[in-house]
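Engineer: Here you go, final.cif (mmCIF, C-alpha atoms; chains and numbers go by the auth columns):
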```
data_structure
#
loop_
_atom_site.group_PDB
_atom_site.id
_atom_site.type_symbol
_atom_site.label_atom_id
_atom_site.label_comp_id
_atom_site.label_asym_id
_atom_site.label_seq_id
_atom_site.Cartn_x
_atom_site.Cartn_y
_atom_site.Cartn_z
_atom_site.B_iso_or_equiv
_atom_site.auth_seq_id
_atom_site.auth_asym_id
ATOM 1 C CA MET A 1 0.993 -50.070 -20.561 0.00 1 J
ATOM 2 C CA SER A 2 -0.276 -52.775 -18.268 0.00 2 J
ATOM 3 C CA PRO A 3 -3.376 -52.167 -16.143 0.00 3 J
ATOM 4 C CA THR A 4 -1.421 -53.010 -12.984 0.00 4 J
ATOM 5 C CA LEU A 5 1.209 -50.395 -13.777 0.00 5 J
ATOM 6 C CA ALA A 6 -1.537 -47.865 -14.522 0.00 6 J
ATOM 7 C CA LEU A 7 -2.961 -48.460 -11.038 0.00 7 J
ATOM 8 C CA LEU A 8 0.395 -48.448 -9.232 0.00 8 J
ATOM 9 C CA ALA A 9 1.934 -45.408 -10.958 0.00 9 J
ATOM 10 C CA PRO A 10 -0.131 -42.783 -9.059 0.00 10 J
ATOM 11 C CA LEU A 11 0.554 -44.574 -5.772 0.00 11 J
ATOM 12 C CA ALA A 12 4.291 -44.666 -6.430 0.00 12 J
ATOM 13 C CA THR A 13 4.244 -41.015 -7.464 0.00 13 J
ATOM 14 C CA SER A 14 2.465 -39.960 -4.265 0.00 14 J
ATOM 15 C CA ILE A 15 5.023 -41.840 -2.138 0.00 15 J
ATOM 16 C CA VAL A 16 8.164 -40.715 -3.975 0.00 16 J
ATOM 17 C CA ASP A 17 7.186 -37.206 -5.082 0.00 17 J
ATOM 18 C CA THR A 18 8.302 -34.491 -2.648 0.00 18 J
ATOM 19 C CA ALA A 19 5.836 -31.886 -3.928 0.00 19 J
ATOM 20 C CA ARG A 20 2.602 -32.180 -2.009 0.00 20 J
ATOM 21 C CA PRO A 21 -0.777 -30.830 -3.070 0.00 21 J
ATOM 22 C CA ALA A 22 -1.722 -27.459 -1.598 0.00 22 J
ATOM 23 C CA PRO A 23 -3.763 -27.727 1.593 0.00 23 J
ATOM 24 C CA GLU A 24 -7.383 -26.705 1.535 0.00 24 J
ATOM 25 C CA PRO A 25 -7.971 -23.153 2.787 0.00 25 J
ATOM 26 C CA GLU A 26 -9.147 -22.902 6.382 0.00 26 J
ATOM 27 C CA ARG A 27 -12.064 -20.733 5.350 0.00 27 J
ATOM 28 C CA THR A 28 -13.795 -19.881 2.124 0.00 28 J
ATOM 29 C CA PRO A 29 -13.850 -16.326 0.812 0.00 29 J
ATOM 30 C CA GLY A 30 -16.963 -14.439 1.760 0.00 30 J
ATOM 31 C CA ALA A 31 -19.087 -12.178 -0.338 0.00 31 J
ATOM 32 C CA GLY A 32 -18.998 -8.428 -0.036 0.00 32 J
ATOM 33 C CA ALA A 33 -16.338 -5.804 0.484 0.00 33 J
ATOM 34 C CA ASP A 34 -13.139 -6.305 2.460 0.00 34 J
ATOM 35 C CA PRO A 35 -12.117 -2.967 4.000 0.00 35 J
ATOM 36 C CA THR A 36 -8.540 -4.073 4.671 0.00 36 J
ATOM 37 C CA PHE A 37 -8.038 -5.202 1.079 0.00 37 J
ATOM 38 C CA GLU A 38 -9.602 -2.016 -0.263 0.00 38 J
ATOM 39 C CA ALA A 39 -7.285 0.143 1.891 0.00 39 J
ATOM 40 C CA VAL A 40 -4.211 -1.703 0.585 0.00 40 J
ATOM 41 C CA TYR A 41 -5.508 -1.420 -2.985 0.00 41 J
ATOM 42 C CA VAL A 42 -6.028 2.352 -2.728 0.00 42 J
ATOM 43 C CA ARG A 43 -2.640 2.817 -1.036 0.00 43 J
ATOM 44 C CA ASN A 44 -0.930 0.941 -3.874 0.00 44 J
ATOM 45 C CA LEU A 45 -2.761 2.978 -6.529 0.00 45 J
ATOM 46 C CA ARG A 46 -1.659 6.211 -4.845 0.00 46 J
ATOM 47 C CA ALA A 47 1.920 4.960 -4.612 0.00 47 J
ATOM 48 C CA ILE A 48 1.988 4.078 -8.324 0.00 48 J
ATOM 49 C CA SER A 49 0.541 7.484 -9.210 0.00 49 J
ATOM 50 C CA ALA A 50 3.130 9.250 -7.015 0.00 50 J
ATOM 51 C CA ILE A 51 6.013 7.332 -8.602 0.00 51 J
ATOM 52 C CA ASN A 52 4.736 8.168 -12.083 0.00 52 J
ATOM 53 C CA ARG A 53 4.293 11.839 -11.127 0.00 53 J
ATOM 54 C CA GLN A 54 7.922 11.998 -9.944 0.00 54 J
ATOM 55 C CA ARG A 55 9.014 10.567 -13.284 0.00 55 J
ATOM 56 C CA GLY A 56 6.878 13.035 -15.237 0.00 56 J
ATOM 57 C CA ILE A 57 4.460 10.370 -16.466 0.00 57 J
ATOM 58 C CA LYS A 58 0.745 11.141 -16.539 0.00 58 J
ATOM 59 C CA THR A 59 -1.202 8.235 -15.032 0.00 59 J
ATOM 60 C CA ILE A 60 -4.600 7.353 -16.460 0.00 60 J
ATOM 61 C CA TRP A 61 -6.625 4.771 -14.555 0.00 61 J
ATOM 62 C CA LEU A 62 -9.286 2.808 -16.423 0.00 62 J
ATOM 63 C CA ALA A 63 -12.103 1.059 -14.605 0.00 63 J
ATOM 64 C CA LEU A 64 -12.802 -2.212 -16.386 0.00 64 J
ATOM 65 C CA THR A 65 -16.019 -3.999 -15.639 0.00 65 J
ATOM 66 C CA THR A 66 -17.343 -7.355 -16.656 0.00 66 J
ATOM 67 C CA PRO A 67 -20.732 -7.561 -18.356 0.00 67 J
ATOM 68 C CA ALA A 68 -23.622 -8.918 -16.331 0.00 68 J
ATOM 69 C CA PRO A 69 -24.609 -12.482 -17.232 0.00 69 J
#
```
So, in terms of structure tokens, how does the structure I just supplied come out?

Structural biologist:
Amino acid sequence: MSPTLALLAPLATSIVDTARPAPEPERTPGAGADPTFEAVYVRNLRAISAINRQRGIKTIWLALTTPAP
């Protein structure tokens, strides 16, 4: 492949390609707990447990942790 084509191919792709790269997030995730996320998480766990209970399935939740570095 010629060096000129190697330089022009990404330019042509960026002009012709309709898929654009994802925009950068407006803010970066912060450290610590997110009460809204935790409330949704618990609500979903309870819903899954309730569905399983209605179906006669015993739900066992396992807490998986990652080892400290």

Engineer: State, in Å with one decimal place, the distance from atom CA of Tyr41 of chain J to atom CA of Glu24 of chain J.

Structural biologist: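 That distance, rounded to one decimal, is 25.8 Å.
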
Engineer: List the spatial neighbours of Ser49 of chain J as a count of residues only - criterion: any atom at most 10 Å away, only C-alpha atoms, same-chain residues fewer than 5 positions off excluded.

Structural biologist: 9

Engineer: Quick one, how far is atom CA of Ile48 of chain J from atom CA of Ala63 of chain J?

Structural biologist: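 Computing it gives 15.7 Å between the two atoms.
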
Engineer: When you draw a straight line from atom CA of Thr65 of chain J to atom CA of Ala50 of chain J, how long is it in Å?

Structural biologist: 24.8 Å
